[in-house]
Amino acid sequence: MLTRLLALGHLVLIVFHVRLASCHPLSAGPRYERRGVTTSHRYRTREIAGITVIDTPLVRSAEAFAFRHSSSTVYNHVMRSWLFGTLMVKNNVTLQRTIDLEIQAVSALLHDLGWDQTPSSPIISPDRRFEVDGAIAARAFLHGHPHGRKWDEHRVQLVWDAIALHTERAFSYFKEPAVRLVSQGIGLDFETAEIAKVAFGIPVSEYQAVVAEFPKEGFKQALNETFVWLCGEKPGSTYNTWMQPWGDRYVEGYNSSAHLRIGIIDRNLP
């Protein structure tokens with residue numbers, strides 16, 4: 001009995017220390033009313049990288065929209081993010097009963113619209129964080145799509161929140177399950193197949209199939225170039241954020257020290 005208890009305790013510790021799941025397990029946080037739940041058997045499906053995904057006109061349009069506003073490297077990233085989230089649902093009975101797959105797909109596919117570096121892009125603002133630019137663009141996409149216009153505003157808001165908060169896990173992991181799932185699916189693109197298996201029960205072969213279909217080659221360089229671009233183009237949206245180190249290290253004239261909140265409080269409050 002003691003041996004079995006020790007083995008069980010060891011397994012718990014392994015799962016506890018997995019980076020994606022240790023602090024914010026899928027079961028954490030408040031329970032929410034399950035509104036607009038979308039399960040695959042109610043909609044047409046198709047296969048991508050051997051994975052069955054929801055196939056609605058809105059999802060198809062979101063994928064095409066992401067393709068038009070992304071580099072090939074970023075497009076591969078958003079596709080992997082969508083598919084990793086789909087695999088999380090596939091391997092979790094609770095998520096199968098809870099997650100609106102159309103919300104998850106649209107949010108994941110459109111989550112990096114704020115990285116659009118096309119000259120004079122209508123998506124990019126001069127002063128908002130890229131996550132907010134993407135959330136606003138996704139909402140406009142939904143309001144302008146004949147199928148998106150049928151959505152109630154609760155679903156639209158979940159997409160907005162999932163995109164705006166996807167990099168802020170201290171918030172997104174404690175929001176509605178759909179918001180949390182999108183952030184975690186995106187996060188898996190920065191992890192390994194082994195982490196995905198331990199944290200979320202995703203078979204290594206399924207994770208690897210996604211990466212084989214949408215390779216990660218060049219992703220690190222694309223990330224660095226994008227963050228440097230954002231810090232250079234609109235530094236005010238990057239001060240006091242996780243992107244600030246890229247500006248400090250690589251952008252000439254970037255002055256984060258003058259915008260630290262501790263300095264603002266010291267200067268402006270008696």
# chains A, B, ... in the order shown; residues from 1 in each chain; ligands from 1

$ select_by_dssp --residues "region 32-219 of chain A" --states "helix (DSSP H, G or I)" --output "ChimeraX atom specification"
/A:40-42,57-68,72-90,93-98,101-110,113-115,130-144,148-150,153-164,169-172,177-190,193-200,204-213,219

$ closest_atom_pairs --of "region 90-153 of chain A" --to "region 70-79 of chain A" --cutoff "12 Å" --atoms "only C-alpha atoms" --output "JSON lines"
{"residue": "A:Gln104", "atom": "CA", "partner": "A:Val78", "partner_atom": "CA", "distance": 11.7}
{"residue": "A:Ala105", "atom": "CA", "partner": "A:Met79", "partner_atom": "CA", "distance": 9.2}
{"residue": "A:Val106", "atom": "CA", "partner": "A:Val78", "partner_atom": "CA", "distance": 10.2}
{"residue": "A:Ser107", "atom": "CA", "partner": "A:Val78", "partner_atom": "CA", "distance": 9.5}
{"residue": "A:Ala108", "atom": "CA", "partner": "A:Val78", "partner_atom": "CA", "distance": 6.1}
{"residue": "A:Leu109", "atom": "CA", "partner": "A:Val78", "partner_atom": "CA", "distance": 5.2}
{"residue": "A:Leu110", "atom": "CA", "partner": "A:Val78", "partner_atom": "CA", "distance": 7.4}
{"residue": "A:His111", "atom": "CA", "partner": "A:Val78", "partner_atom": "CA", "distance": 7.3}
{"residue": "A:Asp112", "atom": "CA", "partner": "A:Val78", "partner_atom": "CA", "distance": 7.4}
{"residue": "A:Leu113", "atom": "CA", "partner": "A:Ser70", "partner_atom": "CA", "distance": 7.2}
{"residue": "A:Gly114", "atom": "CA", "partner": "A:Ser70", "partner_atom": "CA", "distance": 9.5}
{"residue": "A:Trp115", "atom": "CA", "partner": "A:Ser70", "partner_atom": "CA", "distance": 7.4}
{"residue": "A:Asp116", "atom": "CA", "partner": "A:Ser70", "partner_atom": "CA", "distance": 6.0}
{"residue": "A:Gln117", "atom": "CA", "partner": "A:Ser70", "partner_atom": "CA", "distance": 8.1}
{"residue": "A:Thr118", "atom": "CA", "partner": "A:Ser70", "partner_atom": "CA", "distance": 8.8}
{"residue": "A:Ser121", "atom": "CA", "partner": "A:Ser70", "partner_atom": "CA", "distance": 11.4}
{"residue": "A:Ile123", "atom": "CA", "partner": "A:Ser70", "partner_atom": "CA", "distance": 11.7}
{"residue": "A:Gly134", "atom": "CA", "partner": "A:Ser70", "partner_atom": "CA", "distance": 11.9}

$ closest_residue --among "A:Ile202, A:Val53, A:Val132, A:Ala162" --to "Trp82 (chain A)" --atoms "only C-alpha atoms"
A:Val53

$ closest_residue --among "A:Val89, A:Ala170, A:Ala135, A:Val251" --to "Gly201 (chain A)" --atoms "only C-alpha atoms"
A:Val89

$ atom_distance --atom1 "CA of Glu191 (chain A)" --atom2 "CA of Asp133 (chain A)"
25.6 Å

$ atom_distance --atom1 "CA of Pro235 (chain A)" --atom2 "CA of Ser120 (chain A)"
17.6 Å
